[in-house]
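Just upload-v4.cif here, mmCIF, C-alpha atoms:
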data_structure
loop_
_atom_site.group_PDB
_atom_site.id
_atom_site.type_symbol
_atom_site.label_atom_id
_atom_site.label_comp_id
_atom_site.auth_asym_id
_atom_site.auth_seq_id
_atom_site.Cartn_x
_atom_site.Cartn_y
_atom_site.Cartn_z
ATOM 1 C CA MET H 2 1.674 12.908 17.196
ATOM 2 C CA LYS H 3 3.449 15.061 14.606
ATOM 3 C CA ARG H 4 4.948 18.348 15.677
ATOM 4 C CA GLU H 5 3.141 21.419 14.374
ATOM 5 C CA TYR H 6 6.438 22.989 13.326
ATOM 6 C CA PHE H 7 10.167 22.628 13.942
ATOM 7 C CA THR H 8 13.490 24.110 12.819
ATOM 8 C CA ARG H 9 15.212 22.159 10.047
ATOM 9 C CA TYR H 10 18.256 24.315 9.340
ATOM 10 C CA VAL H 11 20.002 27.471 10.530
ATOM 11 C CA ASP H 12 22.923 29.474 9.171
ATOM 12 C CA ASN H 13 24.018 33.111 9.383
ATOM 13 C CA GLU H 14 21.358 34.321 6.949
ATOM 14 C CA CYS H 15 18.487 31.814 6.870
ATOM 15 C CA VAL H 16 16.320 29.763 9.194
ATOM 16 C CA ILE H 17 14.355 26.916 7.583
ATOM 17 C CA ILE H 18 11.220 25.893 9.451
ATOM 18 C CA ALA H 19 9.021 22.914 8.623
ATOM 19 C CA LYS H 20 5.349 23.762 9.231
ATOM 20 C CA LEU H 21 2.562 21.189 9.121
ATOM 21 C CA PHE H 22 -0.208 21.940 6.619
ATOM 22 C CA ARG H 23 -3.595 20.209 6.530
ATOM 23 C CA ALA H 24 -5.005 19.859 3.044
ATOM 24 C CA PRO H 25 -8.727 19.924 2.243
ATOM 25 C CA ILE H 26 -10.292 16.580 1.339
ATOM 26 C CA THR H 27 -11.635 17.346 -2.136
ATOM 27 C CA ASN H 28 -13.353 15.042 -4.622
ATOM 28 C CA TYR H 29 -9.887 14.019 -5.847
ATOM 29 C CA TYR H 30 -8.974 12.445 -2.530
ATOM 30 C CA LYS H 31 -12.468 11.130 -1.867
ATOM 31 C CA HIS H 32 -12.189 9.168 -5.102
ATOM 32 C CA LEU H 33 -8.767 7.740 -4.205
ATOM 33 C CA ILE H 34 -9.902 6.831 -0.679
ATOM 34 C CA ARG H 35 -12.842 4.959 -2.167
ATOM 35 C CA LEU H 36 -10.551 3.076 -4.574
ATOM 36 C CA LYS H 37 -8.262 2.159 -1.691
ATOM 37 C CA LYS H 38 -11.150 0.746 0.344
ATOM 38 C CA GLU H 39 -12.143 -1.307 -2.696
ATOM 39 C CA GLY H 40 -8.604 -2.692 -2.988
ATOM 40 C CA LYS H 41 -7.987 -0.969 -6.325
ATOM 41 C CA PHE H 42 -5.360 1.477 -5.054
ATOM 42 C CA HIS H 43 -2.410 0.210 -3.006
ATOM 43 C CA TYR H 44 -0.628 3.400 -2.041
ATOM 44 C CA ASN H 45 -0.782 5.328 1.199
ATOM 45 C CA ILE H 46 -1.662 8.972 0.549
ATOM 46 C CA ASP H 47 -1.749 10.230 4.143
ATOM 47 C CA PHE H 48 1.141 12.584 3.370
ATOM 48 C CA ASN H 49 -1.148 14.404 0.945
ATOM 49 C CA PHE H 50 -3.529 15.275 3.764
ATOM 50 C CA GLU H 51 -0.886 16.342 6.290
ATOM 51 C CA PHE H 52 2.502 17.425 5.011
ATOM 52 C CA TYR H 53 5.201 19.961 5.785
ATOM 53 C CA LEU H 54 5.758 23.296 4.113
ATOM 54 C CA ARG H 55 9.321 24.610 4.157
ATOM 55 C CA PHE H 56 9.570 28.241 5.247
ATOM 56 C CA TYR H 57 12.806 30.120 4.578
ATOM 57 C CA PHE H 58 12.948 33.092 6.943
ATOM 58 C CA PRO H 59 15.722 35.708 7.051
ATOM 59 C CA LYS H 60 17.861 35.137 10.161
ATOM 60 C CA LYS H 61 17.472 38.813 11.097
ATOM 61 C CA GLN H 62 13.684 38.468 11.251
ATOM 62 C CA MET H 63 13.934 35.397 13.463
ATOM 63 C CA THR H 64 16.341 37.041 15.901
ATOM 64 C CA THR H 65 14.664 40.451 16.165
ATOM 65 C CA ILE H 66 11.853 40.920 18.690
ATOM 66 C CA ASN H 67 8.421 41.496 17.107
ATOM 67 C CA SER H 68 9.854 41.316 13.585
ATOM 68 C CA LYS H 69 7.287 39.856 11.186
ATOM 69 C CA SER H 70 6.938 39.290 7.441
ATOM 70 C CA GLU H 71 4.868 41.624 5.318
ATOM 71 C CA ARG H 72 5.596 39.704 2.113
ATOM 72 C CA LEU H 73 6.180 36.123 1.039
ATOM 73 C CA ILE H 74 7.435 34.235 -2.038
ATOM 74 C CA ILE H 75 5.461 31.012 -2.602
ATOM 75 C CA MET H 76 7.347 28.381 -4.627
ATOM 76 C CA PHE H 77 5.732 25.473 -6.508
ATOM 77 C CA ASN H 78 7.810 22.456 -7.575
ATOM 78 C CA GLY H 79 8.100 20.760 -10.969
ATOM 79 C CA LEU H 80 7.003 17.408 -12.387
ATOM 80 C CA ASN H 81 8.022 14.036 -10.906
ATOM 81 C CA GLU H 82 10.062 15.571 -8.095
ATOM 82 C CA VAL H 83 9.628 12.844 -5.499
ATOM 83 C CA ASN H 84 13.146 12.320 -4.132
ATOM 84 C CA ASP H 85 15.003 14.159 -1.396
ATOM 85 C CA VAL H 86 17.529 15.531 -3.902
ATOM 86 C CA ASN H 87 14.703 17.473 -5.569
ATOM 87 C CA PHE H 88 14.510 19.777 -2.540
ATOM 88 C CA SER H 89 17.943 21.189 -3.345
ATOM 89 C CA LEU H 90 16.794 23.758 -5.944
ATOM 90 C CA TYR H 91 14.195 25.242 -3.606
ATOM 91 C CA ASP H 92 16.548 25.168 -0.625
ATOM 92 C CA ARG H 93 19.077 27.167 -2.650
ATOM 93 C CA LEU H 94 16.429 29.613 -3.815
ATOM 94 C CA GLY H 95 14.949 29.952 -0.333
ATOM 95 C CA LYS H 96 18.329 30.601 1.269
ATOM 96 C CA SER H 97 19.175 33.123 -1.431
ATOM 97 C CA PHE H 98 15.895 34.979 -0.944
ATOM 98 C CA ALA H 99 16.429 34.977 2.827
ATOM 99 C CA SER H 100 19.920 36.455 2.421
ATOM 100 C CA MET H 101 18.285 39.401 0.634
ATOM 101 C CA GLY H 102 15.640 39.792 3.333
ATOM 102 C CA PHE H 103 12.810 38.040 1.471
ATOM 103 C CA PRO H 104 10.941 35.228 3.289
ATOM 104 C CA SER H 105 9.727 32.359 1.110
ATOM 105 C CA VAL H 106 7.988 29.001 1.376
ATOM 106 C CA LEU H 107 8.089 25.807 -0.651
ATOM 107 C CA PHE H 108 4.550 24.533 -1.198
ATOM 108 C CA PRO H 109 4.939 20.906 -2.331
ATOM 109 C CA THR H 110 2.280 19.965 -4.867
ATOM 110 C CA PRO H 111 0.147 16.788 -4.665
ATOM 111 C CA PHE H 112 2.100 13.523 -4.909
ATOM 112 C CA HIS H 113 5.473 15.304 -5.153
ATOM 113 C CA LEU H 114 8.385 15.799 -2.727
ATOM 114 C CA ASN H 115 7.274 15.008 0.839
ATOM 115 C CA ARG H 116 3.734 14.312 -0.404
ATOM 116 C CA SER H 117 4.497 11.348 -2.669
ATOM 117 C CA ALA H 118 2.411 8.194 -2.271
ATOM 118 C CA ILE H 119 4.084 5.179 -0.617
ATOM 119 C CA ASP H 120 3.492 1.553 -1.605
ATOM 120 C CA ASN H 121 1.455 -0.030 1.203
ATOM 121 C CA ARG H 122 2.133 -3.577 0.036
ATOM 122 C CA ASN H 123 5.853 -3.435 0.797
ATOM 123 C CA PHE H 124 6.142 -0.877 3.568
ATOM 124 C CA LYS H 125 3.853 -0.041 6.470
ATOM 125 C CA ASN H 126 5.898 1.625 9.238
ATOM 126 C CA TYR H 127 5.343 5.229 8.187
ATOM 127 C CA ASN H 128 2.750 6.443 10.708
ATOM 128 C CA ASP H 129 5.187 8.229 13.017
ATOM 129 C CA TRP H 130 7.211 9.945 10.290
ATOM 130 C CA GLU H 131 7.245 13.703 10.205
ATOM 131 C CA GLU H 132 9.092 13.701 6.907
ATOM 132 C CA ARG H 133 10.105 10.867 4.623
ATOM 133 C CA PRO H 134 13.642 9.573 5.420
ATOM 134 C CA HIS H 135 16.453 10.788 3.145
ATOM 135 C CA ASP H 136 17.434 7.249 2.157
ATOM 136 C CA PHE H 137 13.918 6.037 1.413
ATOM 137 C CA SER H 138 13.777 3.469 -1.405
ATOM 138 C CA LYS H 139 12.696 4.915 -4.754
ATOM 139 C CA LYS H 140 10.964 1.631 -5.545
ATOM 140 C CA LEU H 141 8.316 2.348 -2.899
ATOM 141 C CA ILE H 142 7.397 5.792 -4.245
ATOM 142 C CA LYS H 143 4.659 6.300 -6.814
ATOM 143 C CA ILE H 144 5.819 8.442 -9.748
ATOM 144 C CA PRO H 145 3.101 11.063 -10.447
ATOM 145 C CA THR H 146 3.104 10.643 -14.251
ATOM 146 C CA VAL H 147 2.461 6.884 -14.066
ATOM 147 C CA PRO H 148 -1.349 7.132 -13.595
ATOM 148 C CA LEU H 149 -1.552 9.990 -16.104
ATOM 149 C CA LYS H 150 -0.838 7.599 -18.986
ATOM 150 C CA LYS H 151 -4.222 5.895 -18.512
ATOM 151 C CA ARG H 152 -6.044 8.556 -16.506
ATOM 152 C CA PRO H 153 -5.032 12.028 -17.727
ATOM 153 C CA TYR H 154 -7.938 13.552 -15.773
ATOM 154 C CA CYS H 155 -5.780 13.206 -12.638
ATOM 155 C CA LEU H 156 -3.799 16.248 -13.777
ATOM 156 C CA TYR H 157 -6.943 18.395 -13.803
ATOM 157 C CA MET H 158 -7.877 17.216 -10.322
ATOM 158 C CA ASN H 159 -4.308 17.749 -9.143
ATOM 159 C CA TYR H 160 -4.445 21.410 -10.192
ATOM 160 C CA ILE H 161 -7.908 21.873 -8.723
ATOM 161 C CA GLN H 162 -6.526 20.510 -5.458
ATOM 162 C CA ILE H 163 -3.611 22.954 -5.308
ATOM 163 C CA ILE H 164 -5.858 25.967 -5.928
ATOM 164 C CA TYR H 165 -8.016 25.028 -2.931
ATOM 165 C CA GLU H 166 -4.888 24.521 -0.835
ATOM 166 C CA TYR H 167 -3.408 27.821 -1.977
ATOM 167 C CA ASN H 168 -6.605 29.683 -1.064
ATOM 168 C CA ILE H 169 -6.540 28.193 2.435
ATOM 169 C CA PHE H 170 -2.877 29.077 2.828
ATOM 170 C CA ARG H 171 -3.594 32.692 1.892
ATOM 171 C CA HIS H 172 -6.183 32.839 4.679
ATOM 172 C CA LEU H 173 -3.603 31.497 7.139
ATOM 173 C CA ILE H 174 -0.843 33.987 6.390
ATOM 174 C CA ASP H 175 -3.394 36.842 6.461
ATOM 175 C CA HIS H 176 -4.722 35.647 9.844
ATOM 176 C CA GLU H 177 -8.176 35.003 8.371
ATOM 177 C CA PHE H 178 -8.526 31.877 10.474
ATOM 178 C CA ASN H 179 -12.324 31.929 10.577
ATOM 179 C CA ARG H 180 -12.394 31.609 6.775
ATOM 180 C CA VAL H 181 -10.619 28.243 6.924
ATOM 181 C CA LYS H 182 -13.598 25.973 7.300
ATOM 182 C CA ARG H 183 -15.651 23.316 5.605
ATOM 183 C CA CYS H 184 -17.400 24.316 2.393
ATOM 184 C CA ASP H 185 -19.400 22.522 -0.313
ATOM 185 C CA SER H 186 -16.221 21.592 -2.188
ATOM 186 C CA TYR H 187 -14.177 20.082 0.625
ATOM 187 C CA ASN H 188 -13.776 19.073 4.261
ATOM 188 C CA ILE H 189 -11.006 20.504 6.420
ATOM 189 C CA PRO H 190 -10.375 20.697 10.190
ATOM 190 C CA LYS H 191 -10.496 23.992 12.041
ATOM 191 C CA VAL H 192 -7.298 25.954 12.586
ATOM 192 C CA ASN H 193 -5.782 24.933 15.925
ATOM 193 C CA LYS H 194 -4.081 27.145 18.524
ATOM 194 C CA GLU H 195 -0.545 26.222 17.461
ATOM 195 C CA GLU H 196 -1.282 27.117 13.851
ATOM 196 C CA LYS H 197 -2.689 30.487 14.866
ATOM 197 C CA TYR H 198 0.359 31.132 17.035
ATOM 198 C CA PHE H 199 2.764 30.298 14.197
ATOM 199 C CA TYR H 200 1.161 32.586 11.621
ATOM 200 C CA ASN H 201 0.592 35.364 14.162
ATOM 201 C CA GLN H 202 4.232 35.076 15.192
ATOM 202 C CA HIS H 203 5.733 35.288 11.695
ATOM 203 C CA PHE H 204 3.327 37.402 9.615
ATOM 204 C CA THR H 205 1.759 40.805 10.160
ATOM 205 C CA ASN H 206 -2.002 40.971 10.529
ATOM 206 C CA LYS H 207 -2.488 42.950 7.327
ATOM 207 C CA LYS H 208 -2.664 41.541 3.809
ATOM 208 C CA THR H 209 0.620 39.801 3.061
ATOM 209 C CA GLU H 210 2.272 40.780 -0.234
ATOM 210 C CA VAL H 211 2.467 37.492 -2.133
ATOM 211 C CA ASN H 212 4.822 36.676 -5.007
ATOM 212 C CA LEU H 213 4.401 33.345 -6.825
ATOM 213 C CA LEU H 214 7.232 31.340 -8.381
ATOM 214 C CA GLY H 215 6.854 28.025 -10.176
ATOM 215 C CA TYR H 216 9.547 25.794 -11.661
ATOM 216 C CA SER H 217 8.792 23.768 -14.821
ATOM 217 C CA LEU H 218 5.264 22.346 -14.500
ATOM 218 C CA GLY H 219 5.052 24.201 -11.193
ATOM 219 C CA GLY H 220 4.991 27.357 -13.302
ATOM 220 C CA LEU H 221 1.508 26.418 -14.453
ATOM 221 C CA TYR H 222 0.527 25.894 -10.810
ATOM 222 C CA ALA H 223 1.703 29.429 -10.088
ATOM 223 C CA LEU H 224 -0.102 30.748 -13.165
ATOM 224 C CA SER H 225 -3.320 28.963 -12.144
ATOM 225 C CA CYS H 226 -3.260 30.500 -8.665
ATOM 226 C CA PHE H 227 -2.382 33.898 -10.133
ATOM 227 C CA SER H 228 -5.229 33.673 -12.649
ATOM 228 C CA LYS H 229 -7.702 32.949 -9.863
ATOM 229 C CA ASN H 230 -7.216 36.472 -8.491
ATOM 230 C CA PRO H 231 -4.372 38.458 -10.113
ATOM 231 C CA ASP H 232 -5.210 41.566 -8.072
ATOM 232 C CA ASN H 233 -4.347 39.595 -4.919
ATOM 233 C CA VAL H 234 -0.807 38.752 -6.117
ATOM 234 C CA ASN H 235 2.154 41.107 -6.437
ATOM 235 C CA SER H 236 4.012 39.070 -9.079
ATOM 236 C CA CYS H 237 4.071 35.664 -10.782
ATOM 237 C CA THR H 238 7.330 34.178 -12.090
ATOM 238 C CA LEU H 239 7.520 31.085 -14.302
ATOM 239 C CA LEU H 240 10.976 29.494 -14.196
ATOM 240 C CA ASN H 241 11.741 27.164 -17.128
ATOM 241 C CA ALA H 242 8.022 26.764 -17.757
ATOM 242 C CA GLY H 243 5.983 27.148 -20.943
ATOM 243 C CA ALA H 244 2.842 29.243 -21.072
ATOM 244 C CA SER H 245 0.744 26.113 -21.732
ATOM 245 C CA LEU H 246 1.034 22.317 -21.613
ATOM 246 C CA ASP H 247 1.768 22.236 -25.346
ATOM 247 C CA GLN H 248 4.815 24.443 -24.845
ATOM 248 C CA MET H 249 6.309 22.483 -21.969
ATOM 249 C CA ASN H 250 9.593 20.653 -22.523
ATOM 250 C CA LEU H 251 9.523 17.905 -19.902
ATOM 251 C CA THR H 252 11.859 15.383 -21.560
ATOM 252 C CA LYS H 253 14.108 15.530 -18.494
ATOM 253 C CA PHE H 254 11.316 14.029 -16.392
ATOM 254 C CA VAL H 255 9.226 11.926 -18.777
ATOM 255 C CA LYS H 256 9.564 10.522 -22.311
ATOM 256 C CA LYS H 257 8.483 12.965 -24.990
ATOM 257 C CA ASP H 258 5.908 10.661 -26.583
ATOM 258 C CA VAL H 259 4.362 9.880 -23.180
ATOM 259 C CA TRP H 260 3.963 13.556 -22.279
ATOM 260 C CA GLU H 261 2.565 14.427 -25.727
ATOM 261 C CA LYS H 262 -0.038 11.688 -25.337
ATOM 262 C CA ILE H 263 -1.029 12.919 -21.871
ATOM 263 C CA ALA H 264 -1.319 16.544 -23.040
ATOM 264 C CA ASN H 265 -3.276 15.637 -26.176
ATOM 265 C CA ASN H 266 -5.688 13.410 -24.254
ATOM 266 C CA LEU H 267 -6.414 16.247 -21.834
ATOM 267 C CA LYS H 268 -7.818 18.295 -24.723
ATOM 268 C CA THR H 269 -10.672 15.841 -25.320
ATOM 269 C CA VAL H 270 -13.106 14.907 -22.563
ATOM 270 C CA ASN H 271 -13.643 11.422 -24.008
ATOM 271 C CA ASN H 272 -9.927 10.699 -23.584
ATOM 272 C CA TRP H 273 -9.678 11.688 -19.936
ATOM 273 C CA GLY H 274 -10.120 8.107 -18.721
ATOM 274 C CA CYS H 275 -12.667 8.824 -15.997
ATOM 275 C CA ASP H 276 -16.192 7.724 -15.161
ATOM 276 C CA PRO H 277 -19.208 10.070 -15.468
ATOM 277 C CA GLU H 278 -19.176 10.967 -11.750
ATOM 278 C CA ILE H 279 -15.568 12.161 -11.818
ATOM 279 C CA LEU H 280 -16.147 13.935 -15.119
ATOM 280 C CA SER H 281 -19.009 15.850 -13.548
ATOM 281 C CA ASP H 282 -16.855 16.728 -10.515
ATOM 282 C CA ILE H 283 -14.212 18.274 -12.763
ATOM 283 C CA LEU H 284 -16.474 20.108 -15.197
ATOM 284 C CA THR H 285 -18.627 21.632 -12.457
ATOM 285 C CA ASP H 286 -15.741 22.701 -10.237
ATOM 286 C CA PRO H 287 -15.434 26.516 -10.139
ATOM 287 C CA ASN H 288 -11.695 26.269 -10.855
ATOM 288 C CA TYR H 289 -11.944 24.039 -13.928
ATOM 289 C CA GLY H 290 -12.312 26.891 -16.429
ATOM 290 C CA ILE H 291 -9.181 28.629 -15.156
ATOM 291 C CA ILE H 292 -7.105 25.454 -15.291
ATOM 292 C CA ASN H 293 -8.303 24.476 -18.758
ATOM 293 C CA ASN H 294 -7.330 27.909 -20.045
ATOM 294 C CA VAL H 295 -3.929 27.700 -18.348
ATOM 295 C CA PHE H 296 -3.330 24.314 -19.965
ATOM 296 C CA PHE H 297 -4.334 25.196 -23.522
ATOM 297 C CA ASP H 298 -5.161 28.860 -23.969
ATOM 298 C CA SER H 299 -4.632 31.985 -21.879
ATOM 299 C CA PRO H 300 -6.739 32.805 -18.832
ATOM 300 C CA LEU H 301 -5.472 36.386 -18.824
ATOM 301 C CA LYS H 302 -5.714 37.386 -22.500
ATOM 302 C CA ASP H 303 -8.537 39.830 -21.792
ATOM 303 C CA GLU H 304 -6.621 41.379 -18.897
ATOM 304 C CA ILE H 305 -3.053 41.239 -20.180
ATOM 305 C CA ASP H 306 -2.744 45.019 -20.484
ATOM 306 C CA ARG H 307 -3.721 45.389 -16.838
ATOM 307 C CA VAL H 308 -1.904 42.479 -15.172
ATOM 308 C CA GLY H 309 0.819 41.621 -17.701
ATOM 309 C CA LYS H 310 3.433 43.637 -15.823
ATOM 310 C CA LYS H 311 3.101 41.213 -12.919
ATOM 311 C CA LEU H 312 4.166 38.227 -15.067
ATOM 312 C CA LEU H 313 7.779 37.184 -15.619
ATOM 313 C CA PHE H 314 8.981 34.252 -17.743
ATOM 314 C CA ILE H 315 12.559 33.065 -17.123
ATOM 315 C CA MET H 316 13.752 30.452 -19.592
ATOM 316 C CA GLY H 317 16.988 28.476 -19.414
ATOM 317 C CA TRP H 318 18.523 25.115 -20.216
ATOM 318 C CA GLN H 319 16.842 22.257 -18.368
ATOM 319 C CA GLY H 320 19.576 19.727 -19.114
#
Could you spell out this file's structure in structure tokens?
Amino acid sequence: MKREYFTRYVDNECVIIAKLFRAPITNYYKHLIRLKKEGKFHYNIDFNFEFYLRFYFPKKQMTTINSKSERLIIMFNGLNEVNDVNFSLYDRLGKSFASMGFPSVLFPTPFHLNRSAIDNRNFKNYNDWEERPHDFSKKLIKIPTVPLKKRPYCLYMNYIQIIYEYNIFRHLIDHEFNRVKRCDSYNIPKVNKEEKYFYNQHFTNKKTEVNLLGYSLGGLYALSCFSKNPDNVNSCTLLNAGASLDQMNLTKFVKKDVWEKIANNLKTVNNWGCDPEILSDILTDPNYGIINNVFFDSPLKDEIDRVGKKLLFIMGWQG
């Protein structure tokens, strides 16, 4: 049985804790589970249902009795970050934030980092892993952009998934445990005693001040969650991220012509590459409108005067 949480790293300024998170089973995963049962999908996606968040707490908070966080920086990763080396940016940021007294957490997005799908046909001994081994073969990991070439709709469902997960996480850090429950859009287990203890131990019982930060394509994840309820977020920072899919420079992660094709196909429903059932799931989801606007328009254009001061774009060379 996996540990609910454990310490990964400690230095004079930062304590990194891995905390298990249970994702809701949305239509996205229901579809993939069905394909797997039919023998049409050969990757294990268990790590997308149960995976570890990385919390970066200031050492002073962890060594002071009854010291708890009143604020939190939530970081979202970029595209195709599936290898252990990709944690390094967020580890550096998290440690830096902790040294200044700011707690933060890396929220790995679907099929990235420690959530990437593993090829079942060539490797099966993964059931007891808490995190994927550092030296895991890249050949066994599914690259997230691969299915997007034929099925661009997966990107919509990926973003819908993270918004549901983000909403649940907000309930956890605010101690709203009774609000984490099954709803019409997903199934999720109840919060257990160890989870309640962890969030009670590290966060105050009032509304936590949340600051969002997304790197590259993760910037649009942050913007999507911010757009859902901007009044519930203190700030939203996009690091090396465009304001829409069309403005994203992702040549470091995927060929330019491939990304342009994916982005263009997402504009037209007929090019999404999905059957009518999945199409209906996406179009009727309450988060679809927000995500579509984040991809190709601006979900905040009518509110920019009111919430624009909470947005920060940091652009730099992506190499």
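When the distance limit is 9 Å and all atoms listed in the file are what count, the residues near Asn188 (chain H), minus those fewer than 6 positions from it on the same chain, are Ala24, Pro25, Ile26, Thr27 and Lys182 of chain H.
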Please write the residues from the selection above to a file, keeping C-alpha atoms, as an mmCIF file, keeping the file's coordinate frame.
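Result went into again04.cif, see below:
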data_model
loop_
_atom_site.group_PDB
_atom_site.id
_atom_site.type_symbol
_atom_site.label_atom_id
_atom_site.label_comp_id
_atom_site.auth_asym_id
_atom_site.auth_seq_id
_atom_site.Cartn_x
_atom_site.Cartn_y
_atom_site.Cartn_z
ATOM 1 C CA ALA H 24 -5.005 19.859 3.044
ATOM 2 C CA PRO H 25 -8.727 19.924 2.243
ATOM 3 C CA ILE H 26 -10.292 16.580 1.339
ATOM 4 C CA THR H 27 -11.635 17.346 -2.136
ATOM 5 C CA LYS H 182 -13.598 25.973 7.300
#
Subject >> CA of Arg116 (chain H) to CA of Asn87 (chain H), distance in Å rounded to a single decimal >> reply: 12.5 Å
Could you build a table of the residues in region 135-182 of chain H lying no more than 8 Å from region 281-297 of chain H, giving for each the nearest pair of atoms and their separation in Å rounded to one decimal place, using all atoms listed in the file, ordered by chain and ascending residue number, as CSV?
residue,atom,partner,partner_atom,distance
H:Tyr157,CA,H:Ile292,CA,7.2
H:Met158,CA,H:Ile283,CA,6.9
H:Tyr160,CA,H:Ile292,CA,7.0
H:Ile161,CA,H:Asn288,CA,6.2
H:Ile164,CA,H:Asn288,CA,7.6
Original post:
At what distance in Å, to one decimal, does CA of Pro111 (chain H) lie from CA of Ile142 (chain H)?
Top reply: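 Separation of CA of Ile142 (chain H) and CA of Pro111 (chain H): 13.2 Å.
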Original post:
Applied to this file, what does the PyMOL selection byres ((chain H and resi 173) around 10) return in terms of residues, put as JSON, numbers by chain?
Top reply: {"H": [167, 168, 169, 170, 171, 172, 174, 175, 176, 177, 178, 179, 180, 181, 192, 196, 197, 199, 200, 201, 204]}
Subject >> For CA of Ile305 (chain H) and CA of Leu224 (chain H), the interatomic separation in Å (one decimal) >> reply: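 One can read the CA of Ile305 (chain H) to CA of Leu224 (chain H) distance as 13.0 Å.
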Subject >> Shell around Tyr91 (chain H) at 12 Å using all atoms listed in the file, local window under 6 positions removed, as an MDAnalysis selection string >> reply: chainID H and resid 17 54:57 74:79 82 85 97:99 105:109 114 214:216 219 240
Output file for the selection above: C-alpha atoms, as a tab-separated table (two decimals), keeping the file's coordinate frame:
chain	number	residue	atom	x	y	z
H	17	ILE	CA	14.36	26.92	7.58
H	54	LEU	CA	5.76	23.30	4.11
H	55	ARG	CA	9.32	24.61	4.16
H	56	PHE	CA	9.57	28.24	5.25
H	57	TYR	CA	12.81	30.12	4.58
H	74	ILE	CA	7.44	34.24	-2.04
H	75	ILE	CA	5.46	31.01	-2.60
H	76	MET	CA	7.35	28.38	-4.63
H	77	PHE	CA	5.73	25.47	-6.51
H	78	ASN	CA	7.81	22.46	-7.58
H	79	GLY	CA	8.10	20.76	-10.97
H	82	GLU	CA	10.06	15.57	-8.10
H	85	ASP	CA	15.00	14.16	-1.40
H	97	SER	CA	19.18	33.12	-1.43
H	98	PHE	CA	15.90	34.98	-0.94
H	99	ALA	CA	16.43	34.98	2.83
H	105	SER	CA	9.73	32.36	1.11
H	106	VAL	CA	7.99	29.00	1.38
H	107	LEU	CA	8.09	25.81	-0.65
H	108	PHE	CA	4.55	24.53	-1.20
H	109	PRO	CA	4.94	20.91	-2.33
H	114	LEU	CA	8.38	15.80	-2.73
H	214	LEU	CA	7.23	31.34	-8.38
H	215	GLY	CA	6.85	28.02	-10.18
H	216	TYR	CA	9.55	25.79	-11.66
H	219	GLY	CA	5.05	24.20	-11.19
H	240	LEU	CA	10.98	29.49	-14.20
For Tyr53 (chain H), work out the shell of residues within 7 Å, counting all atoms listed in the file and skipping chain neighbours fewer than 4 positions away, then give it as an mmCIF file with C-alpha atoms, in the coordinates of the input.
data_model
loop_
_atom_site.group_PDB
_atom_site.id
_atom_site.type_symbol
_atom_site.label_atom_id
_atom_site.label_comp_id
_atom_site.auth_asym_id
_atom_site.auth_seq_id
_atom_site.Cartn_x
_atom_site.Cartn_y
_atom_site.Cartn_z
ATOM 1 C CA ALA H 19 9.021 22.914 8.623
ATOM 2 C CA LYS H 20 5.349 23.762 9.231
ATOM 3 C CA LEU H 21 2.562 21.189 9.121
ATOM 4 C CA PHE H 22 -0.208 21.940 6.619
#
**OP:** Find, counting all atoms listed in the file, the residue in H:Gly309, H:Gly40, H:Pro148, H:Pro104 that gets nearest to Val211 (chain H).
**Re:**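 Checking each of H:Gly309, H:Gly40, H:Pro148, H:Pro104 against Val211 (chain H), counting all atoms listed in the file, the winner is H:Pro104.
Minimum atom-to-atom distances from H:Asn84, H:Gln202, H:Asn212, H:Ser245 to Ile66 (chain H) were compared using only C-alpha atoms, and the lowest value belongs to H:Gln202.
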Original post:
With all atoms listed in the file as the atoms that count, which of H:Arg183, H:Ile119, H:Tyr154, H:Asn49 lies nearest to Phe137 (chain H)?
Top reply: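 Answer, going by the shortest atom-to-atom distance: H:Ile119.
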**OP:** Could you check which of H:Asp258, H:Glu210, H:Glu71, H:Asp298 is closest to Leu246 (chain H), using all atoms listed in the file?
**Re:**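 For Leu246 (chain H), the nearest of the candidates is H:Asp298.
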Listed atoms of region 37-51 of chain H boxed axis-aligned with 8 Å per side, centre + edges as JSON:
{"center_x": -5.5, "center_y": 6.8, "center_z": 0.0, "size_x": 29.3, "size_y": 35.0, "size_z": 28.6}
Subject >> Residue nearest Trp130 (chain H) among H:Asn241, H:Arg4, H:Tyr44, H:Tyr30 (counting all atoms listed in the file) >> reply: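 The shortest atom-to-atom distance to Trp130 (chain H) comes from H:Arg4.
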Original post:
Within 7 Å of (1.8, -0.9, -3.8), all atoms listed in the file: residues as a ChimeraX atom specification?
Top reply: /H:43-44,120-123
